[in-house]
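Structure file start_29.cif with mmCIF, C-alpha atoms and all ligand atoms:
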data_work
loop_
_atom_site.label_atom_id
_atom_site.label_comp_id
_atom_site.auth_asym_id
_atom_site.auth_seq_id
_atom_site.Cartn_x
_atom_site.Cartn_y
_atom_site.Cartn_z
CA MET A 11 40.35 23.18 115.36
CA ASP A 12 36.81 23.77 114.20
CA GLU A 13 37.96 23.68 110.63
CA ILE A 14 39.64 20.34 111.16
CA ASN A 15 36.44 18.95 112.66
CA GLU A 16 34.58 20.14 109.57
CA ILE A 17 36.94 18.77 106.93
CA GLN A 18 35.54 15.25 107.12
CA LYS A 19 32.10 16.64 106.33
CA GLN A 20 33.32 18.97 103.61
CA GLN A 21 35.67 16.54 101.86
CA PRO A 22 34.38 13.08 102.81
CA VAL A 23 35.75 11.36 99.71
CA LEU A 24 39.27 12.62 100.28
CA THR A 25 39.35 12.10 104.06
CA ASP A 26 38.08 8.53 103.57
CA TYR A 27 40.70 7.96 100.91
CA PHE A 28 43.57 9.24 103.05
CA ALA A 29 42.38 7.44 106.18
CA ASN A 30 42.46 4.23 104.20
CA VAL A 31 45.93 4.93 102.82
CA ILE A 32 47.21 5.74 106.32
CA MET A 33 45.71 2.55 107.68
CA GLN A 34 47.37 0.49 104.98
CA GLU A 35 50.60 2.48 105.26
CA HIS A 36 50.58 3.22 101.56
CA LEU A 37 51.26 6.92 101.63
CA ALA A 38 52.94 8.40 98.58
CA HIS A 39 55.92 10.72 98.89
CA ALA A 40 54.23 13.78 97.46
CA TYR A 41 50.67 15.02 97.13
CA LEU A 42 49.50 18.04 95.21
CA LEU A 43 46.22 19.42 96.59
CA THR A 44 44.41 21.90 94.36
CA GLY A 45 41.24 23.92 94.68
CA PRO A 46 40.09 27.53 95.16
CA LYS A 47 41.14 29.69 98.08
CA GLY A 48 39.47 28.76 101.35
CA ILE A 49 38.35 25.32 100.17
CA GLY A 50 40.35 23.56 102.92
CA LYS A 51 43.59 22.42 101.26
CA ARG A 52 45.70 23.32 104.28
CA THR A 53 43.17 21.84 106.69
CA LEU A 54 43.10 18.60 104.73
CA ALA A 55 46.92 18.42 104.70
CA LEU A 56 46.93 18.96 108.48
CA TRP A 57 44.24 16.35 109.01
CA VAL A 58 46.22 13.75 107.05
CA THR A 59 49.38 14.74 108.93
CA GLN A 60 47.54 14.23 112.21
CA GLY A 61 46.39 10.86 110.91
CA ILE A 62 50.03 9.93 110.28
CA PHE A 63 51.27 10.94 113.75
CA CYS A 64 48.18 10.40 115.93
CA GLN A 65 48.57 8.07 118.90
CA ASN A 66 44.86 7.21 119.07
CA LYS A 67 43.76 7.00 115.47
CA THR A 68 40.66 5.11 114.45
CA ALA A 69 40.87 3.40 111.06
CA GLY A 70 43.37 5.99 109.87
CA SER A 71 41.42 9.00 111.15
CA PRO A 72 43.13 11.18 113.76
CA CYS A 73 41.61 11.63 117.23
CA LEU A 74 42.33 15.42 117.11
CA ASN A 75 42.89 15.36 120.86
CA CYS A 76 46.18 13.64 121.61
CA GLU A 77 49.38 15.60 122.05
CA GLU A 78 50.57 14.86 118.51
CA CYS A 79 47.26 16.02 117.01
CA ARG A 80 47.28 19.19 119.08
CA ARG A 81 50.85 20.10 118.25
CA ILE A 82 50.18 19.63 114.55
CA ALA A 83 47.02 21.76 114.72
CA SER A 84 48.89 24.57 116.48
CA GLY A 85 51.86 24.39 114.10
CA ASN A 86 54.30 23.29 116.80
CA HIS A 87 55.27 19.81 115.74
CA PRO A 88 59.02 19.38 115.24
CA ASP A 89 58.59 16.86 112.41
CA VAL A 90 56.08 18.92 110.45
CA VAL A 91 57.57 21.78 108.47
CA HIS A 92 55.49 24.52 106.83
CA VAL A 93 56.73 26.60 103.94
CA ALA A 94 54.76 29.60 102.69
CA PRO A 95 55.74 32.47 100.38
CA ASP A 96 58.21 34.85 101.95
CA GLY A 97 56.80 38.04 100.44
CA LEU A 98 55.65 37.32 96.92
CA SER A 99 57.49 34.08 96.32
CA ILE A 100 58.91 30.92 97.84
CA LYS A 101 62.65 31.35 97.50
CA VAL A 102 65.38 28.82 96.92
CA GLU A 103 66.76 29.37 100.45
CA GLN A 104 63.45 28.18 101.89
CA ILE A 105 63.66 24.97 99.89
CA ARG A 106 67.28 24.52 100.97
CA PHE A 107 66.20 24.84 104.59
CA LEU A 108 63.55 22.22 103.96
CA LYS A 109 66.11 19.86 102.48
CA SER A 110 68.47 20.30 105.41
CA GLU A 111 65.61 19.52 107.80
CA PHE A 112 64.87 16.37 105.94
CA SER A 113 68.38 15.14 105.47
CA LYS A 114 68.25 14.72 109.26
CA SER A 115 65.20 12.48 108.96
CA GLY A 116 67.22 10.01 106.91
CA VAL A 117 69.65 9.68 109.80
CA GLU A 118 67.10 9.51 112.59
CA GLY A 119 64.54 7.55 110.61
CA ASN A 120 61.74 9.78 111.89
CA GLN A 121 58.57 10.33 109.94
CA LYS A 122 58.54 13.86 108.57
CA VAL A 123 55.92 15.89 106.74
CA PHE A 124 56.33 19.10 104.86
CA ILE A 125 53.54 21.35 103.70
CA ILE A 126 54.22 23.91 100.99
CA GLU A 127 51.49 26.53 100.72
CA ASP A 128 50.97 28.42 97.46
CA ALA A 129 53.41 26.04 95.80
CA ASP A 130 52.84 27.86 92.49
CA LYS A 131 54.71 30.83 93.98
CA MET A 132 58.04 28.99 94.01
CA THR A 133 60.74 30.76 92.05
CA VAL A 134 62.21 28.73 89.20
CA SER A 135 65.31 27.90 91.23
CA ALA A 136 63.18 26.93 94.26
CA ALA A 137 61.05 24.70 92.04
CA ASN A 138 64.15 23.06 90.59
CA GLY A 139 65.53 22.53 94.08
CA LEU A 140 62.29 20.90 95.16
CA LEU A 141 62.25 18.79 92.03
CA LYS A 142 65.59 17.21 92.91
CA PHE A 143 64.25 16.51 96.35
CA LEU A 144 61.12 14.86 94.95
CA GLU A 145 63.21 12.77 92.59
CA GLU A 146 65.27 11.32 95.42
CA PRO A 147 62.90 11.03 98.36
CA SER A 148 64.80 10.11 101.48
CA GLY A 149 63.43 8.31 104.51
CA ASN A 150 59.86 8.58 105.71
CA VAL A 151 58.95 11.87 104.11
CA VAL A 152 55.54 12.96 102.92
CA ALA A 153 55.13 16.26 101.08
CA PHE A 154 51.94 18.24 100.57
CA LEU A 155 52.03 20.92 97.90
CA LEU A 156 49.03 23.23 97.99
CA THR A 157 47.94 25.42 95.10
CA GLU A 158 44.95 27.25 93.68
CA SER A 159 46.19 26.72 90.17
CA VAL A 160 47.87 23.53 89.10
CA ASN A 161 48.61 25.07 85.69
CA ARG A 162 51.19 27.31 87.30
CA ILE A 163 53.20 24.40 88.72
CA LEU A 164 56.09 22.98 86.71
CA PRO A 165 54.81 19.89 84.87
CA THR A 166 57.88 17.98 86.05
CA ILE A 167 56.80 18.61 89.63
CA VAL A 168 53.16 17.74 88.95
CA SER A 169 54.23 14.45 87.41
CA ARG A 170 55.98 13.45 90.64
CA CYS A 171 52.97 14.14 92.84
CA GLN A 172 49.63 12.49 93.29
CA LEU A 173 47.14 15.14 92.31
CA PHE A 174 43.89 15.69 94.22
CA GLU A 175 41.31 18.34 93.53
CA LEU A 176 39.21 19.44 96.48
CA ALA A 177 35.53 19.48 95.62
CA LYS A 178 33.76 22.82 95.67
CA PRO A 179 30.76 22.95 97.95
CA THR A 180 27.47 23.23 96.06
CA SER A 181 25.54 26.51 96.18
CA ALA A 182 22.98 24.87 98.46
CA GLN A 183 25.71 23.66 100.87
CA LEU A 184 27.29 27.11 100.95
CA THR A 185 23.94 28.78 101.52
CA ALA A 186 23.19 26.40 104.40
CA THR A 187 26.60 27.06 105.98
CA LEU A 188 26.01 30.82 105.77
CA ARG A 189 22.54 30.55 107.25
CA LYS A 190 24.09 28.78 110.26
CA THR A 191 26.41 31.73 110.82
CA GLY A 192 23.45 34.10 110.95
CA VAL A 193 23.46 35.52 107.39
CA THR A 194 19.93 36.44 106.26
CA ALA A 195 18.17 34.09 103.83
CA ASP A 196 18.18 36.46 100.81
CA LYS A 197 21.84 37.28 101.23
CA ALA A 198 22.88 33.67 101.90
CA ILE A 199 21.33 32.56 98.60
CA ILE A 200 23.18 35.21 96.61
CA LEU A 201 26.48 34.51 98.38
CA GLY A 202 26.03 30.75 98.03
CA ASN A 203 25.82 31.24 94.27
CA LEU A 204 28.54 33.87 94.10
CA ALA A 205 31.38 32.32 96.11
CA ASP A 206 33.47 29.20 95.58
CA SER A 207 34.11 28.44 99.23
CA SER A 208 32.63 29.22 102.62
CA ASP A 209 35.70 31.30 103.53
CA GLU A 210 35.22 33.46 100.47
CA ALA A 211 31.48 33.77 101.11
CA LYS A 212 32.00 34.73 104.74
CA LYS A 213 34.57 37.31 103.75
CA ILE A 214 32.19 38.90 101.25
CA ALA A 215 29.40 38.78 103.82
CA THR A 216 31.42 41.00 106.14
CA ASN A 217 31.90 43.64 103.43
CA GLU A 218 29.68 46.43 104.69
CA ASP A 219 28.87 47.71 101.20
CA PHE A 220 27.82 44.32 99.86
CA ASP A 221 24.06 44.66 100.50
CA LYS A 222 24.03 48.06 98.86
CA LEU A 223 26.05 46.77 95.93
CA VAL A 224 23.57 43.94 95.37
CA GLN A 225 20.66 46.35 95.54
CA ASN A 226 22.31 48.81 93.14
CA VAL A 227 23.47 46.24 90.63
CA CYS A 228 19.97 44.71 90.57
CA VAL A 229 18.45 48.13 89.86
CA TRP A 230 21.10 48.67 87.18
CA TYR A 231 20.25 45.33 85.58
CA LEU A 232 16.54 46.07 85.79
CA HIS A 233 17.18 49.30 83.86
CA VAL A 234 19.29 47.45 81.30
CA LEU A 235 16.41 45.02 80.78
CA GLN A 236 13.90 47.88 80.60
CA ASP A 237 16.00 49.76 78.05
CA ASP A 238 16.05 52.62 80.53
CA ALA A 239 18.92 55.01 79.86
CA ARG A 240 19.48 55.55 83.57
CA CYS A 241 21.63 52.37 83.57
CA PHE A 242 24.44 54.28 81.81
CA VAL A 243 24.71 56.90 84.54
CA GLU A 244 24.26 54.38 87.31
CA VAL A 245 27.63 52.78 86.64
CA GLN A 246 29.37 55.95 87.73
CA MET A 247 26.78 57.10 90.26
CA ASN A 248 25.72 53.93 92.08
CA LEU A 249 28.19 51.17 91.33
CA MET A 250 31.67 52.71 91.22
CA PRO A 251 31.41 54.43 94.63
CA LEU A 252 31.03 50.94 96.15
CA VAL A 253 34.04 49.50 94.32
CA ASN A 254 37.23 50.40 96.17
CA ASN A 255 39.73 47.73 95.20
CA LYS A 256 40.40 44.70 93.00
CA ASP A 257 38.41 42.40 95.29
CA ASP A 258 35.36 44.66 94.97
CA GLU A 259 35.78 44.67 91.19
CA VAL A 260 35.70 40.89 91.14
CA ILE A 261 32.59 40.83 93.34
CA LEU A 262 30.73 43.30 91.13
CA LEU A 263 31.66 41.51 87.93
CA ASN A 264 30.69 38.15 89.43
CA LEU A 265 27.35 39.61 90.48
CA ILE A 266 26.76 40.77 86.91
CA ILE A 267 27.77 37.34 85.58
CA LEU A 268 25.34 35.74 88.04
CA LEU A 269 22.51 38.07 86.98
CA VAL A 270 23.08 37.41 83.29
CA LYS A 271 23.58 33.65 83.64
CA ASN A 272 20.56 33.39 85.88
CA SER A 273 18.55 35.11 83.15
CA ILE A 274 19.02 32.02 80.97
CA SER A 275 17.43 29.83 83.65
CA VAL A 276 14.62 32.32 84.07
CA TYR A 277 14.11 32.48 80.29
CA TYR A 278 13.70 28.70 80.21
CA GLY A 279 11.01 28.89 82.85
CA GLU A 280 12.96 28.22 86.02
CA LYS A 281 12.04 30.34 88.94
CA ASP A 282 14.60 32.97 89.90
CA ASN A 283 15.56 31.78 93.32
CA ILE A 284 18.66 33.93 93.60
CA PHE A 285 17.59 37.55 93.36
CA VAL A 286 14.39 37.00 95.24
CA LYS A 287 13.48 40.66 95.74
CA PHE A 288 13.63 41.35 92.02
CA GLN A 289 12.22 38.04 90.91
CA ALA A 290 8.88 39.27 89.55
CA ASP A 291 10.36 42.25 87.69
CA PHE A 292 13.22 40.28 86.15
CA THR A 293 11.03 37.38 85.08
CA GLU A 294 8.50 39.59 83.29
CA LEU A 295 11.23 41.32 81.27
CA ILE A 296 13.40 38.28 80.57
CA GLU A 297 10.43 36.31 79.18
CA LYS A 298 10.16 38.89 76.40
CA LEU A 299 13.74 38.27 75.20
CA THR A 300 14.87 35.54 72.82
CA ALA A 301 17.06 32.49 73.46
CA GLU A 302 19.80 34.00 71.24
CA LYS A 303 19.83 37.23 73.20
CA VAL A 304 20.10 35.68 76.65
CA THR A 305 22.90 33.40 75.44
CA GLU A 306 24.80 36.20 73.72
CA ALA A 307 24.59 38.27 76.92
CA VAL A 308 26.46 35.57 78.81
CA GLU A 309 29.19 35.58 76.17
CA LEU A 310 29.45 39.35 76.52
CA VAL A 311 30.01 39.28 80.28
CA LEU A 312 32.48 36.43 80.07
CA ALA A 313 34.43 38.36 77.42
CA THR A 314 34.41 41.31 79.82
CA ARG A 315 36.14 39.23 82.45
CA LYS A 316 38.93 38.50 79.99
CA ARG A 317 39.21 42.16 79.05
CA LEU A 318 39.80 43.05 82.69
CA MET A 319 42.92 40.93 82.83
CA VAL A 320 44.67 43.49 80.67
CA ASN A 321 45.05 46.74 82.50
CA VAL A 322 42.10 48.89 81.56
CA SER A 323 39.94 51.12 83.71
CA PHE A 324 37.28 49.10 85.49
CA GLN A 325 34.70 51.84 85.09
CA ASN A 326 35.30 51.98 81.34
CA VAL A 327 34.88 48.25 81.09
CA ILE A 328 31.59 48.21 82.98
CA GLU A 329 30.29 51.18 80.97
CA ALA A 330 31.17 49.40 77.74
CA LEU A 331 29.46 46.28 79.04
CA THR A 332 26.32 48.31 79.83
CA ILE A 333 26.19 49.53 76.23
CA ASP A 334 26.86 46.05 74.84
CA LEU A 335 24.20 44.43 77.02
CA SER A 336 21.61 47.07 76.13
CA GLN A 337 22.29 46.57 72.45
CA CYS A 338 22.22 42.82 72.84
CA TYR A 339 18.86 42.82 74.60
CA HIS A 340 17.12 45.56 72.66
CA SER A 341 18.46 45.76 69.10
ZN ZN B 401 45.48 12.13 117.90
#

Can you present the structure in this file as structure tokens?
Ligand SMILES: [Zn+2]
Amino acid sequence: MDEINEIQKQQPVLTDYFANVIMQEHLAHAYLLTGPKGIGKRTLALWVTQGIFCQNKTAGSPCLNCEECRRIASGNHPDVVHVAPDGLSIKVEQIRFLKSEFSKSGVEGNQKVFIIEDADKMTVSAANGLLKFLEEPSGNVVAFLLTESVNRILPTIVSRCQLFELAKPTSAQLTATLRKTGVTADKAIILGNLADSSDEAKKIATNEDFDKLVQNVCVWYLHVLQDDARCFVEVQMNLMPLVNNKDDEVILLNLIILLVKNSISVYYGEKDNIFVKFQADFTELIEKLTAEKVTEAVELVLATRKRLMVNVSFQNVIEALTIDLSQCYHS
């Protein structure tokens, strides 16, 4: 419920838009909502669904309190059907079930809503099944397809949906949200710049090794900037022990990307407001570099991210990056 209360603040443009469409009864048959994990796609779909069914709506916005609103929020509304991947994919049987549910709506004339989470995970046959359904919409049906990556949805499906991208919160908004939940100022600034959504940031914040990882990667970067050979050993000694899975790998690499990108801002005279504890040390060293070097360093780390998509050892990749960065900064 809290999330639904927040969605109007987090996505004011979209909630205003949908409230207006509900008021004017101009809903489309299918919407595709895209945006990173945790951005509120599902919450927005539920909020619009509540707006459709609510008995006490105000200018298209749901009251969140009536029986209809409550049943939708708790996932117990008979005319709202959720589909999510069963295991790794959404299978054709799940889409068939959806169709059978909705063939009833044609008979009864009821408003129905279906919400497909991770719509990119539909198998080809499921996607084709859905496509037929979208081509011949029956009765009062509204579909919400949710995805992190619109590129992985069949173009024929995309073309039959109205596409909406949920806006990412700014770093400052994220930092403020984290501060409210009791995260310390220094950490909230780093997380606000590191994460794409408050869910992601909160999840990282609960990682017990995160503070240590930040500390260690900052020391590592300081040594890279100082041309201090300890940085080569530190990958194995101080960074890898804190990286236990793919999620940790992404966090570490994103921290490195943040450090290197932030060095460009520092080089051009902006204050380092992200890695506050290391601000003075970083600034002194970065000012001695050249514009070419700080730019090339960003290219190096971004290339590293690509390299990780093919299956190579994470430690090897970070060690290679350490060598490349040192050469970039000091040759
Ligand atoms: Zn209501």

What are the closest atom pairs, with distances in Å to one decimal, for all residues of chain A lying within 6 Å of ligand ZN 401 (chain B)? Consider all atoms listed in the file, order rows by chain and residue number, and present the result as JSON lines.
{"residue": "A:Cys64", "atom": "CA", "partner": "B:ZN401", "partner_atom": "ZN", "distance": 3.8}
{"residue": "A:Gln65", "atom": "CA", "partner": "B:ZN401", "partner_atom": "ZN", "distance": 5.2}
{"residue": "A:Asn66", "atom": "CA", "partner": "B:ZN401", "partner_atom": "ZN", "distance": 5.1}
{"residue": "A:Lys67", "atom": "CA", "partner": "B:ZN401", "partner_atom": "ZN", "distance": 5.9}
{"residue": "A:Pro72", "atom": "CA", "partner": "B:ZN401", "partner_atom": "ZN", "distance": 4.9}
{"residue": "A:Cys73", "atom": "CA", "partner": "B:ZN401", "partner_atom": "ZN", "distance": 4.0}
{"residue": "A:Leu74", "atom": "CA", "partner": "B:ZN401", "partner_atom": "ZN", "distance": 4.6}
{"residue": "A:Asn75", "atom": "CA", "partner": "B:ZN401", "partner_atom": "ZN", "distance": 5.1}
{"residue": "A:Cys76", "atom": "CA", "partner": "B:ZN401", "partner_atom": "ZN", "distance": 4.1}
{"residue": "A:Glu78", "atom": "CA", "partner": "B:ZN401", "partner_atom": "ZN", "distance": 5.8}
{"residue": "A:Cys79", "atom": "CA", "partner": "B:ZN401", "partner_atom": "ZN", "distance": 4.4}

Notebook entry, point to check: Got a sec: who's within 9 Å of stretch 202-215 of chain A, counting all atoms listed in the file, leaving out chain neighbours fewer than 3 positions off, as a list in words?
Noted result: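 Once the adjacent positions are removed, what remains is Pro46, Lys47, Gly48, Ile49, Gly50, Lys178, Pro179, Thr180, Ser181, Ala182, Gln183, Leu184, Thr185, Ala186, Thr187, Leu188, Thr191, Val193, Lys197, Ala198, Ile199, Glu218, Phe220, Asp221, Ile261, Asn264, Leu265, Leu268 and Ile284 of chain A.
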
Counting only C-alpha atoms, closest pick from A:Val260, A:Ile163, A:Cys171, A:Val58 relative to A:Lys316 is A:Val260

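With distances restricted to all atoms listed in the file, A:Leu235 is the closest residue to A:Glu294 from A:Leu310, A:Leu269, A:Leu235, A:Met247.
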
Edge lengths and centre, in Å to one decimal, as lines of an AutoDock Vina configuration file: that's what I need for the box along x, y and z that holds all listed atoms of stretch 77-94 of chain A plus 5 Å on each side.
center_x = 53.0
center_y = 22.2
center_z = 112.4
size_x = 22.0
size_y = 24.7
size_z = 29.4

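Proximity to A:Leu262 at 9 Å, evaluated using only C-alpha atoms and with sequence-adjacent residues fewer than 3 positions away removed, yields A:Leu223, A:Val224, A:Val227, A:Leu249, A:Val253, A:Asp257, A:Asp258, A:Glu259, A:Leu265, A:Ile266, A:Ile267.
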
task = Tell me which protein, DNA and RNA residues are within 12 Å of A:Phe107, counting only C-alpha atoms, leaving out same-chain ones fewer than 5 positions away, and put them as a list in words.
result =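 My reading of the contact set: Val91, His92, Val93, Ile100, Lys101, Val102, Phe112, Ser113, Lys114, Phe124, Ala136, Gly139, Leu140 and Phe143 of chain A.
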